[in-house]
Amino acid sequence: MAATTTKLKTIGSYAAIGDSFTEGVGDPGPGDSFLGWADRLAVLLADQRDEHDFRYANLAVRGKLLDQIVADQVPRAKALAPDLVTFCAGGNDIIRPGSDPDDVAERFEAAVADLTGAVGRVMITTGFDTRGVPVLKHLRGKVATYSAHVRAIADRYDCPVLDLWSLKSVQDRRAWDADRLHLSPEGHTRVALRAAQVLGLEVPADPDQPWPQLRPRGSVDVTRDNIQWAREYLVPWIGRRLRGESSGDHVEAKRPDLLPL
């Protein structure tokens, strides 16, 4: 099914704000950095302009909660005043026990209202349908509630929506990193293509293109993978939570200024 598009004039500058999803965790780049869907979208946008006539900033930092993003990244994005801001936040709040998606959405809307008065256009992002993500499937109802709020907020502020819930291709396990919390390089690529479609760009590939068929996996393979995942990713994640640590502690934004791409 084709994505609904919002036609925009050619975008000359773009700032991405958010958490690990927008920083690009799961999509390794040069050195210890990450690429990710926002970087890939920036390349697609730059291709619409003359050489060196496009500027891009990525302010996202892994592990950040909504209020931290609003306090640290939103003012910077307003100061940069780009043609486009992508704003994806609230996911780390939603996965916390006892969190209220209605409350998170109310705070998210206040930030959207603040941003839309200062930048050219704000694209906001729904959550993924997590029914196929083992570590997150029990949160599907909360994610759906938050995503419904995001769509309503988009209507009120005339924001294009990157609807990840409807992107069926990222429900395949190959779209996810080994940690089962972040997208793989191919998953990030598909999100970037969908984002470009929403902005009215022609894209070089269909983000919902079916994956090649996989051989069936036996119960022994699944059990072995689950044990390895728990040892390598779940136990350290729980340990950080118990110690009150975040994966984003001491991490700086990888591209804090609007620089030519």
# chains A, B, ... in the order shown; residues from 1 in each chain; ligands from 1
>>> residues_around(residues="segment 99-108 of chain A", least_positions_apart="4", cutoff="12 Å", atoms="only C-alpha atoms", output="JSON, numbers by chain")
{"A": [18, 65, 66, 67, 68, 69, 70, 71, 74, 87, 88, 89, 90, 91, 92, 93, 94, 95, 112, 113, 114, 115, 124, 125, 126, 127, 139, 140, 141, 142, 143, 144, 145, 146, 147, 148, 149, 150, 151, 152, 153, 154]}
>>> write_last_selection(atoms="N, CA and C atoms", output="compact mmCIF listing (two decimals), in the first residue's frame")
# COMPACT_ATOMS: atom_id res chain seq x y z
N GLY A 18 15.88 13.42 19.10
CA GLY A 18 15.31 12.18 19.61
C GLY A 18 16.27 11.39 20.46
N LEU A 65 15.07 10.40 27.79
CA LEU A 65 13.63 10.47 28.01
C LEU A 65 13.07 11.73 27.36
N LEU A 66 11.76 11.78 27.22
CA LEU A 66 11.12 12.90 26.55
C LEU A 66 11.51 14.23 27.18
N ASP A 67 11.42 14.35 28.50
CA ASP A 67 11.71 15.63 29.14
C ASP A 67 13.16 16.06 28.92
N GLN A 68 14.07 15.11 28.86
CA GLN A 68 15.47 15.44 28.59
C GLN A 68 15.64 15.95 27.16
N ILE A 69 14.95 15.33 26.23
CA ILE A 69 15.01 15.78 24.83
C ILE A 69 14.42 17.18 24.70
N VAL A 70 13.30 17.41 25.39
CA VAL A 70 12.67 18.73 25.34
C VAL A 70 13.58 19.79 25.94
N ALA A 71 14.26 19.44 27.03
CA ALA A 71 15.12 20.42 27.71
C ALA A 71 16.40 20.70 26.94
N VAL A 74 15.32 20.41 21.99
CA VAL A 74 14.33 21.29 21.36
C VAL A 74 14.83 22.74 21.28
N PHE A 87 11.04 14.77 14.86
CA PHE A 87 10.93 14.72 16.32
C PHE A 87 10.31 13.38 16.71
N CYS A 88 11.16 12.49 17.20
CA CYS A 88 10.70 11.19 17.68
C CYS A 88 11.16 11.05 19.12
N ALA A 89 10.20 10.98 20.04
CA ALA A 89 10.54 10.90 21.46
C ALA A 89 9.38 10.27 22.22
N GLY A 90 9.66 9.78 23.40
CA GLY A 90 8.63 9.18 24.24
C GLY A 90 8.74 7.68 24.36
N GLY A 91 9.49 7.05 23.46
CA GLY A 91 9.61 5.60 23.51
C GLY A 91 10.25 5.09 24.79
N ASN A 92 11.31 5.76 25.24
CA ASN A 92 11.96 5.33 26.48
C ASN A 92 11.08 5.57 27.69
N ASP A 93 10.19 6.55 27.61
CA ASP A 93 9.22 6.77 28.68
C ASP A 93 8.19 5.64 28.71
N ILE A 94 7.69 5.28 27.51
CA ILE A 94 6.63 4.29 27.41
C ILE A 94 7.06 2.93 27.95
N ILE A 95 8.33 2.54 27.73
CA ILE A 95 8.76 1.20 28.16
C ILE A 95 9.02 1.14 29.66
N VAL A 112 5.80 19.90 20.63
CA VAL A 112 5.47 20.08 19.22
C VAL A 112 4.95 21.50 18.98
N ALA A 113 4.08 21.97 19.87
CA ALA A 113 3.55 23.33 19.74
C ALA A 113 4.68 24.36 19.78
N ASP A 114 5.65 24.11 20.65
CA ASP A 114 6.79 25.02 20.77
C ASP A 114 7.63 25.01 19.50
N LEU A 115 7.88 23.83 18.97
CA LEU A 115 8.73 23.70 17.78
C LEU A 115 8.09 24.28 16.53
N ILE A 124 6.62 14.23 12.86
CA ILE A 124 6.59 13.44 14.09
C ILE A 124 6.33 11.97 13.76
N THR A 125 6.64 11.12 14.72
CA THR A 125 6.79 9.70 14.44
C THR A 125 5.96 8.85 15.41
N THR A 126 5.19 7.92 14.87
CA THR A 126 4.47 6.98 15.73
C THR A 126 5.43 5.91 16.23
N GLY A 127 4.93 5.05 17.11
CA GLY A 127 5.69 3.89 17.54
C GLY A 127 5.53 2.75 16.55
N LEU A 139 4.05 -4.49 25.49
CA LEU A 139 3.78 -3.06 25.56
C LEU A 139 2.95 -2.57 24.38
N ARG A 140 2.45 -3.50 23.57
CA ARG A 140 1.78 -3.11 22.32
C ARG A 140 0.60 -2.16 22.57
N GLY A 141 -0.18 -2.41 23.61
CA GLY A 141 -1.32 -1.54 23.89
C GLY A 141 -0.91 -0.13 24.23
N LYS A 142 0.14 0.02 25.03
CA LYS A 142 0.62 1.36 25.39
C LYS A 142 1.19 2.08 24.18
N VAL A 143 1.92 1.35 23.34
CA VAL A 143 2.49 1.96 22.14
C VAL A 143 1.37 2.40 21.21
N ALA A 144 0.34 1.57 21.07
CA ALA A 144 -0.79 1.93 20.20
C ALA A 144 -1.50 3.17 20.71
N THR A 145 -1.69 3.28 22.01
CA THR A 145 -2.34 4.46 22.59
C THR A 145 -1.52 5.70 22.32
N TYR A 146 -0.23 5.61 22.55
CA TYR A 146 0.65 6.77 22.31
C TYR A 146 0.66 7.15 20.83
N SER A 147 0.68 6.15 19.96
CA SER A 147 0.69 6.42 18.53
C SER A 147 -0.59 7.10 18.08
N ALA A 148 -1.72 6.71 18.66
CA ALA A 148 -2.99 7.38 18.33
C ALA A 148 -2.93 8.86 18.73
N HIS A 149 -2.34 9.13 19.88
CA HIS A 149 -2.15 10.53 20.30
C HIS A 149 -1.26 11.28 19.30
N VAL A 150 -0.19 10.64 18.86
CA VAL A 150 0.73 11.29 17.93
C VAL A 150 0.00 11.69 16.65
N ARG A 151 -0.84 10.80 16.13
CA ARG A 151 -1.58 11.12 14.91
C ARG A 151 -2.53 12.30 15.14
N ALA A 152 -3.16 12.33 16.29
CA ALA A 152 -4.07 13.45 16.60
C ALA A 152 -3.29 14.76 16.73
N ILE A 153 -2.13 14.70 17.36
CA ILE A 153 -1.28 15.89 17.49
C ILE A 153 -0.87 16.38 16.10
N ALA A 154 -0.52 15.45 15.23
CA ALA A 154 -0.14 15.82 13.86
C ALA A 154 -1.27 16.56 13.16
>>> closest_residue(among="A:Pro28, A:Gly117, A:Gly218, A:Gly187", to="Lys78 of chain A", atoms="only C-alpha atoms")
A:Gly117
>>> closest_residue(among="A:Arg121, A:Trp176, A:Ser184, A:Trp211", to="Ala77 of chain A", atoms="only C-alpha atoms")
A:Arg121
>>> closest_atom_pairs(of="segment 52-164 of chain A", to="segment 35-48 of chain A", cutoff="8 Å", atoms="only C-alpha atoms", output="CSV")
residue,atom,partner,partner_atom,distance
A:Asp53,CA,A:Ala46,CA,7.5
A:Phe54,CA,A:Ala46,CA,5.4
A:Arg55,CA,A:Ala46,CA,7.9
A:Tyr56,CA,A:Ala42,CA,6.7
A:Asn58,CA,A:Ala38,CA,7.7
>>> closest_residue(among="A:Ala57, A:Lys64, A:Asp19, A:Thr10", to="Lys254 of chain A", atoms="only C-alpha atoms")
A:Ala57
>>> atom_distance(atom1="atom CA of Tyr157 of chain A", atom2="atom CA of Ala60 of chain A")
22.3 Å
>>> atom_distance(atom1="atom CA of Leu80 of chain A", atom2="atom CA of Leu258 of chain A")
7.2 Å
>>> residues_around(residues="Pro212 of chain A", least_positions_apart="4", cutoff="12 Å", atoms="only C-alpha atoms", output="list in words")
Ser169, Asp172 and Arg174 of chain A
>>> select_by_dssp(residues="segment 108-260 of chain A", states="alpha helix (DSSP H)", output="CSV table (one decimal) with N, CA, C and O atoms, in the first residue's frame")
chain,number,residue,atom,x,y,z
A,108,PHE,N,4.5,15.7,25.1
A,108,PHE,CA,5.0,15.7,23.7
A,108,PHE,C,4.3,16.8,22.9
A,108,PHE,O,5.0,17.5,22.1
A,109,GLU,N,3.0,16.9,23.1
A,109,GLU,CA,2.3,17.9,22.3
A,109,GLU,C,2.8,19.3,22.7
A,109,GLU,O,2.9,20.2,21.8
A,110,ALA,N,3.1,19.6,23.9
A,110,ALA,CA,3.6,20.9,24.3
A,110,ALA,C,4.9,21.2,23.6
A,110,ALA,O,5.1,22.4,23.1
A,111,ALA,N,5.7,20.2,23.4
A,111,ALA,CA,7.0,20.4,22.7
A,111,ALA,C,6.7,20.6,21.2
A,111,ALA,O,7.4,21.5,20.6
A,112,VAL,N,5.8,19.9,20.6
A,112,VAL,CA,5.5,20.1,19.2
A,112,VAL,C,5.0,21.5,19.0
A,112,VAL,O,5.3,22.2,18.0
A,113,ALA,N,4.1,22.0,19.9
A,113,ALA,CA,3.6,23.3,19.7
A,113,ALA,C,4.7,24.4,19.8
A,113,ALA,O,4.7,25.3,19.0
A,114,ASP,N,5.7,24.1,20.6
A,114,ASP,CA,6.8,25.0,20.8
A,114,ASP,C,7.6,25.0,19.5
A,114,ASP,O,8.0,26.1,19.0
A,115,LEU,N,7.9,23.8,19.0
A,115,LEU,CA,8.7,23.7,17.8
A,115,LEU,C,8.1,24.3,16.5
A,115,LEU,O,8.8,24.9,15.7
A,116,THR,N,6.8,24.0,16.3
A,116,THR,CA,6.2,24.4,15.1
A,116,THR,C,6.1,25.9,14.9
A,116,THR,O,6.0,26.4,13.8
A,140,ARG,N,2.4,-3.5,23.6
A,140,ARG,CA,1.8,-3.1,22.3
A,140,ARG,C,0.6,-2.2,22.6
A,140,ARG,O,0.4,-1.2,21.8
A,141,GLY,N,-0.2,-2.4,23.6
A,141,GLY,CA,-1.3,-1.5,23.9
A,141,GLY,C,-0.9,-0.1,24.2
A,141,GLY,O,-1.5,0.8,23.8
A,142,LYS,N,0.1,0.0,25.0
A,142,LYS,CA,0.6,1.4,25.4
A,142,LYS,C,1.2,2.1,24.2
A,142,LYS,O,1.0,3.3,24.0
A,143,VAL,N,1.9,1.4,23.3
A,143,VAL,CA,2.5,2.0,22.1
A,143,VAL,C,1.4,2.4,21.2
A,143,VAL,O,1.4,3.5,20.6
A,144,ALA,N,0.3,1.6,21.1
A,144,ALA,CA,-0.8,1.9,20.2
A,144,ALA,C,-1.5,3.2,20.7
A,144,ALA,O,-1.9,4.1,19.9
A,145,THR,N,-1.7,3.3,22.0
A,145,THR,CA,-2.3,4.5,22.6
A,145,THR,C,-1.5,5.7,22.3
A,145,THR,O,-2.0,6.7,21.9
A,146,TYR,N,-0.2,5.6,22.5
A,146,TYR,CA,0.7,6.8,22.3
A,146,TYR,C,0.7,7.2,20.8
A,146,TYR,O,0.6,8.3,20.5
A,147,SER,N,0.7,6.2,20.0
A,147,SER,CA,0.7,6.4,18.5
A,147,SER,C,-0.6,7.1,18.1
A,147,SER,O,-0.6,8.0,17.2
A,148,ALA,N,-1.7,6.7,18.7
A,148,ALA,CA,-3.0,7.4,18.3
A,148,ALA,C,-2.9,8.9,18.7
A,148,ALA,O,-3.4,9.7,18.0
A,149,HIS,N,-2.3,9.1,19.9
A,149,HIS,CA,-2.2,10.5,20.3
A,149,HIS,C,-1.3,11.3,19.3
A,149,HIS,O,-1.5,12.4,19.0
A,150,VAL,N,-0.2,10.6,18.9
A,150,VAL,CA,0.7,11.3,17.9
A,150,VAL,C,0.0,11.7,16.6
A,150,VAL,O,0.2,12.8,16.1
A,151,ARG,N,-0.8,10.8,16.1
A,151,ARG,CA,-1.6,11.1,14.9
A,151,ARG,C,-2.5,12.3,15.1
A,151,ARG,O,-2.7,13.2,14.3
A,152,ALA,N,-3.2,12.3,16.3
A,152,ALA,CA,-4.1,13.4,16.6
A,152,ALA,C,-3.3,14.8,16.7
A,152,ALA,O,-3.8,15.8,16.3
A,153,ILE,N,-2.1,14.7,17.4
A,153,ILE,CA,-1.3,15.9,17.5
A,153,ILE,C,-0.9,16.4,16.1
A,153,ILE,O,-0.9,17.6,15.8
A,154,ALA,N,-0.5,15.5,15.2
A,154,ALA,CA,-0.1,15.8,13.9
A,154,ALA,C,-1.3,16.6,13.2
A,154,ALA,O,-1.0,17.6,12.5
A,155,ASP,N,-2.5,16.1,13.4
A,155,ASP,CA,-3.6,16.8,12.7
A,155,ASP,C,-3.8,18.2,13.3
A,155,ASP,O,-4.1,19.1,12.5
A,156,ARG,N,-3.6,18.4,14.6
A,156,ARG,CA,-3.8,19.7,15.2
A,156,ARG,C,-2.7,20.7,14.8
A,156,ARG,O,-3.0,21.9,14.7
A,157,TYR,N,-1.5,20.2,14.5
A,157,TYR,CA,-0.4,21.1,14.2
A,157,TYR,C,0.1,21.0,12.7
A,157,TYR,O,1.1,21.6,12.4
A,185,PRO,N,20.8,-2.2,10.2
A,185,PRO,CA,21.0,-1.3,9.0
A,185,PRO,C,19.9,-1.3,8.0
A,185,PRO,O,19.4,-0.3,7.5
A,186,GLU,N,19.4,-2.5,7.7
A,186,GLU,CA,18.3,-2.6,6.7
A,186,GLU,C,17.0,-2.0,7.3
A,186,GLU,O,16.2,-1.4,6.5
A,187,GLY,N,16.8,-2.2,8.6
A,187,GLY,CA,15.6,-1.6,9.2
A,187,GLY,C,15.6,-0.1,9.1
A,187,GLY,O,14.7,0.6,8.8
A,188,HIS,N,16.8,0.5,9.4
A,188,HIS,CA,17.0,1.9,9.4
A,188,HIS,C,16.8,2.4,7.9
A,188,HIS,O,16.2,3.5,7.7
A,189,THR,N,17.3,1.7,7.0
A,189,THR,CA,17.1,2.1,5.6
A,189,THR,C,15.7,2.1,5.2
A,189,THR,O,15.2,3.1,4.5
A,190,ARG,N,14.9,1.1,5.6
A,190,ARG,CA,13.5,1.1,5.2
A,190,ARG,C,12.7,2.3,5.9
A,190,ARG,O,11.8,2.9,5.3
A,191,VAL,N,13.1,2.6,7.1
A,191,VAL,CA,12.4,3.8,7.7
A,191,VAL,C,12.8,5.1,7.0
A,191,VAL,O,11.9,5.9,6.8
A,192,ALA,N,14.1,5.2,6.6
A,192,ALA,CA,14.5,6.4,5.9
A,192,ALA,C,13.7,6.5,4.6
A,192,ALA,O,13.2,7.6,4.2
A,193,LEU,N,13.5,5.4,3.9
A,193,LEU,CA,12.8,5.5,2.6
A,193,LEU,C,11.3,5.9,2.8
A,193,LEU,O,10.7,6.6,2.1
A,194,ARG,N,10.7,5.3,3.9
A,194,ARG,CA,9.3,5.7,4.2
A,194,ARG,C,9.2,7.2,4.6
A,194,ARG,O,8.3,7.9,4.2
A,195,ALA,N,10.2,7.7,5.4
A,195,ALA,CA,10.2,9.1,5.7
A,195,ALA,C,10.3,10.0,4.5
A,195,ALA,O,9.6,11.0,4.4
A,196,ALA,N,11.1,9.6,3.5
A,196,ALA,CA,11.3,10.3,2.3
A,196,ALA,C,10.0,10.3,1.5
A,196,ALA,O,9.6,11.4,0.9
A,197,GLN,N,9.3,9.2,1.5
A,197,GLN,CA,8.0,9.1,0.8
A,197,GLN,C,7.0,10.1,1.5
A,197,GLN,O,6.2,10.8,0.7
A,198,VAL,N,7.0,10.2,2.8
A,198,VAL,CA,6.0,11.1,3.5
A,198,VAL,C,6.3,12.5,3.1
A,198,VAL,O,5.4,13.3,3.0
A,219,SER,N,12.8,-25.1,17.4
A,219,SER,CA,12.7,-24.7,18.7
A,219,SER,C,14.1,-24.6,19.4
A,219,SER,O,14.3,-23.8,20.3
A,220,VAL,N,15.0,-25.5,19.0
A,220,VAL,CA,16.4,-25.5,19.6
A,220,VAL,C,17.1,-24.2,19.2
A,220,VAL,O,17.7,-23.5,20.1
A,221,ASP,N,17.0,-23.8,17.9
A,221,ASP,CA,17.6,-22.5,17.5
A,221,ASP,C,17.0,-21.3,18.2
A,221,ASP,O,17.7,-20.4,18.6
A,222,VAL,N,15.7,-21.3,18.4
A,222,VAL,CA,15.0,-20.2,19.1
A,222,VAL,C,15.5,-20.1,20.5
A,222,VAL,O,15.8,-19.0,21.0
A,223,THR,N,15.5,-21.2,21.2
A,223,THR,CA,15.9,-21.3,22.6
A,223,THR,C,17.4,-20.8,22.8
A,223,THR,O,17.7,-20.0,23.7
A,224,ARG,N,18.3,-21.3,21.9
A,224,ARG,CA,19.7,-20.9,22.0
A,224,ARG,C,19.8,-19.4,21.7
A,224,ARG,O,20.6,-18.7,22.5
A,225,ASP,N,19.1,-18.8,20.8
A,225,ASP,CA,19.1,-17.4,20.5
A,225,ASP,C,18.6,-16.6,21.7
A,225,ASP,O,19.2,-15.6,22.0
A,226,ASN,N,17.6,-17.1,22.3
A,226,ASN,CA,17.0,-16.4,23.5
A,226,ASN,C,18.0,-16.3,24.6
A,226,ASN,O,18.1,-15.3,25.3
A,227,ILE,N,18.6,-17.4,24.9
A,227,ILE,CA,19.6,-17.5,26.0
A,227,ILE,C,20.8,-16.6,25.7
A,227,ILE,O,21.2,-15.8,26.6
A,228,GLN,N,21.3,-16.6,24.5
A,228,GLN,CA,22.4,-15.7,24.1
A,228,GLN,C,22.0,-14.2,24.2
A,228,GLN,O,22.7,-13.4,24.7
A,229,TRP,N,20.8,-13.9,23.8
A,229,TRP,CA,20.3,-12.5,23.9
A,229,TRP,C,20.2,-12.1,25.3
A,229,TRP,O,20.6,-11.0,25.7
A,235,VAL,N,20.6,-8.9,30.5
A,235,VAL,CA,21.2,-8.7,31.9
A,235,VAL,C,21.9,-7.4,32.0
A,235,VAL,O,21.7,-6.7,33.0
A,236,PRO,N,22.7,-7.0,31.0
A,236,PRO,CA,23.3,-5.6,31.2
A,236,PRO,C,22.3,-4.5,31.2
A,236,PRO,O,22.5,-3.5,32.0
A,237,TRP,N,21.2,-4.6,30.4
A,237,TRP,CA,20.2,-3.6,30.4
A,237,TRP,C,19.5,-3.5,31.8
A,237,TRP,O,19.4,-2.4,32.4
A,238,ILE,N,19.2,-4.6,32.4
A,238,ILE,CA,18.6,-4.6,33.7
A,238,ILE,C,19.6,-4.0,34.8
A,238,ILE,O,19.2,-3.2,35.6
A,239,GLY,N,20.9,-4.4,34.6
A,239,GLY,CA,21.9,-3.8,35.5
A,239,GLY,C,22.0,-2.3,35.5
A,239,GLY,O,22.1,-1.7,36.5
A,240,ARG,N,21.9,-1.8,34.3
A,240,ARG,CA,22.0,-0.3,34.1
A,240,ARG,C,20.7,0.3,34.8
A,240,ARG,O,20.8,1.4,35.5
A,241,ARG,N,19.6,-0.3,34.6
A,241,ARG,CA,18.4,0.2,35.2
A,241,ARG,C,18.5,0.2,36.7
A,241,ARG,O,18.1,1.2,37.4
A,242,LEU,N,19.0,-0.8,37.3
A,242,LEU,CA,19.1,-0.9,38.8
A,242,LEU,C,20.1,0.1,39.3
A,242,LEU,O,19.9,0.6,40.4
A,243,ARG,N,21.1,0.4,38.5
A,243,ARG,CA,22.1,1.4,39.0
A,243,ARG,C,21.7,2.8,38.6
A,243,ARG,O,22.5,3.7,39.0
>>> atom_distance(atom1="atom CA of Ser166 of chain A", atom2="atom CA of Arg180 of chain A")
19.0 Å
>>> select_by_dssp(residues="segment 99-253 of chain A", states="strand (DSSP E or B)", output="VMD selection string")
chain A and resid 121 to 125 161 to 162 176 183
>>> residues_around(residues="Val85 of chain A", least_positions_apart="3", cutoff="9 Å", atoms="only C-alpha atoms", output="MDAnalysis selection string")
chainID A and resid 13:17 77 81:82 115 119:124
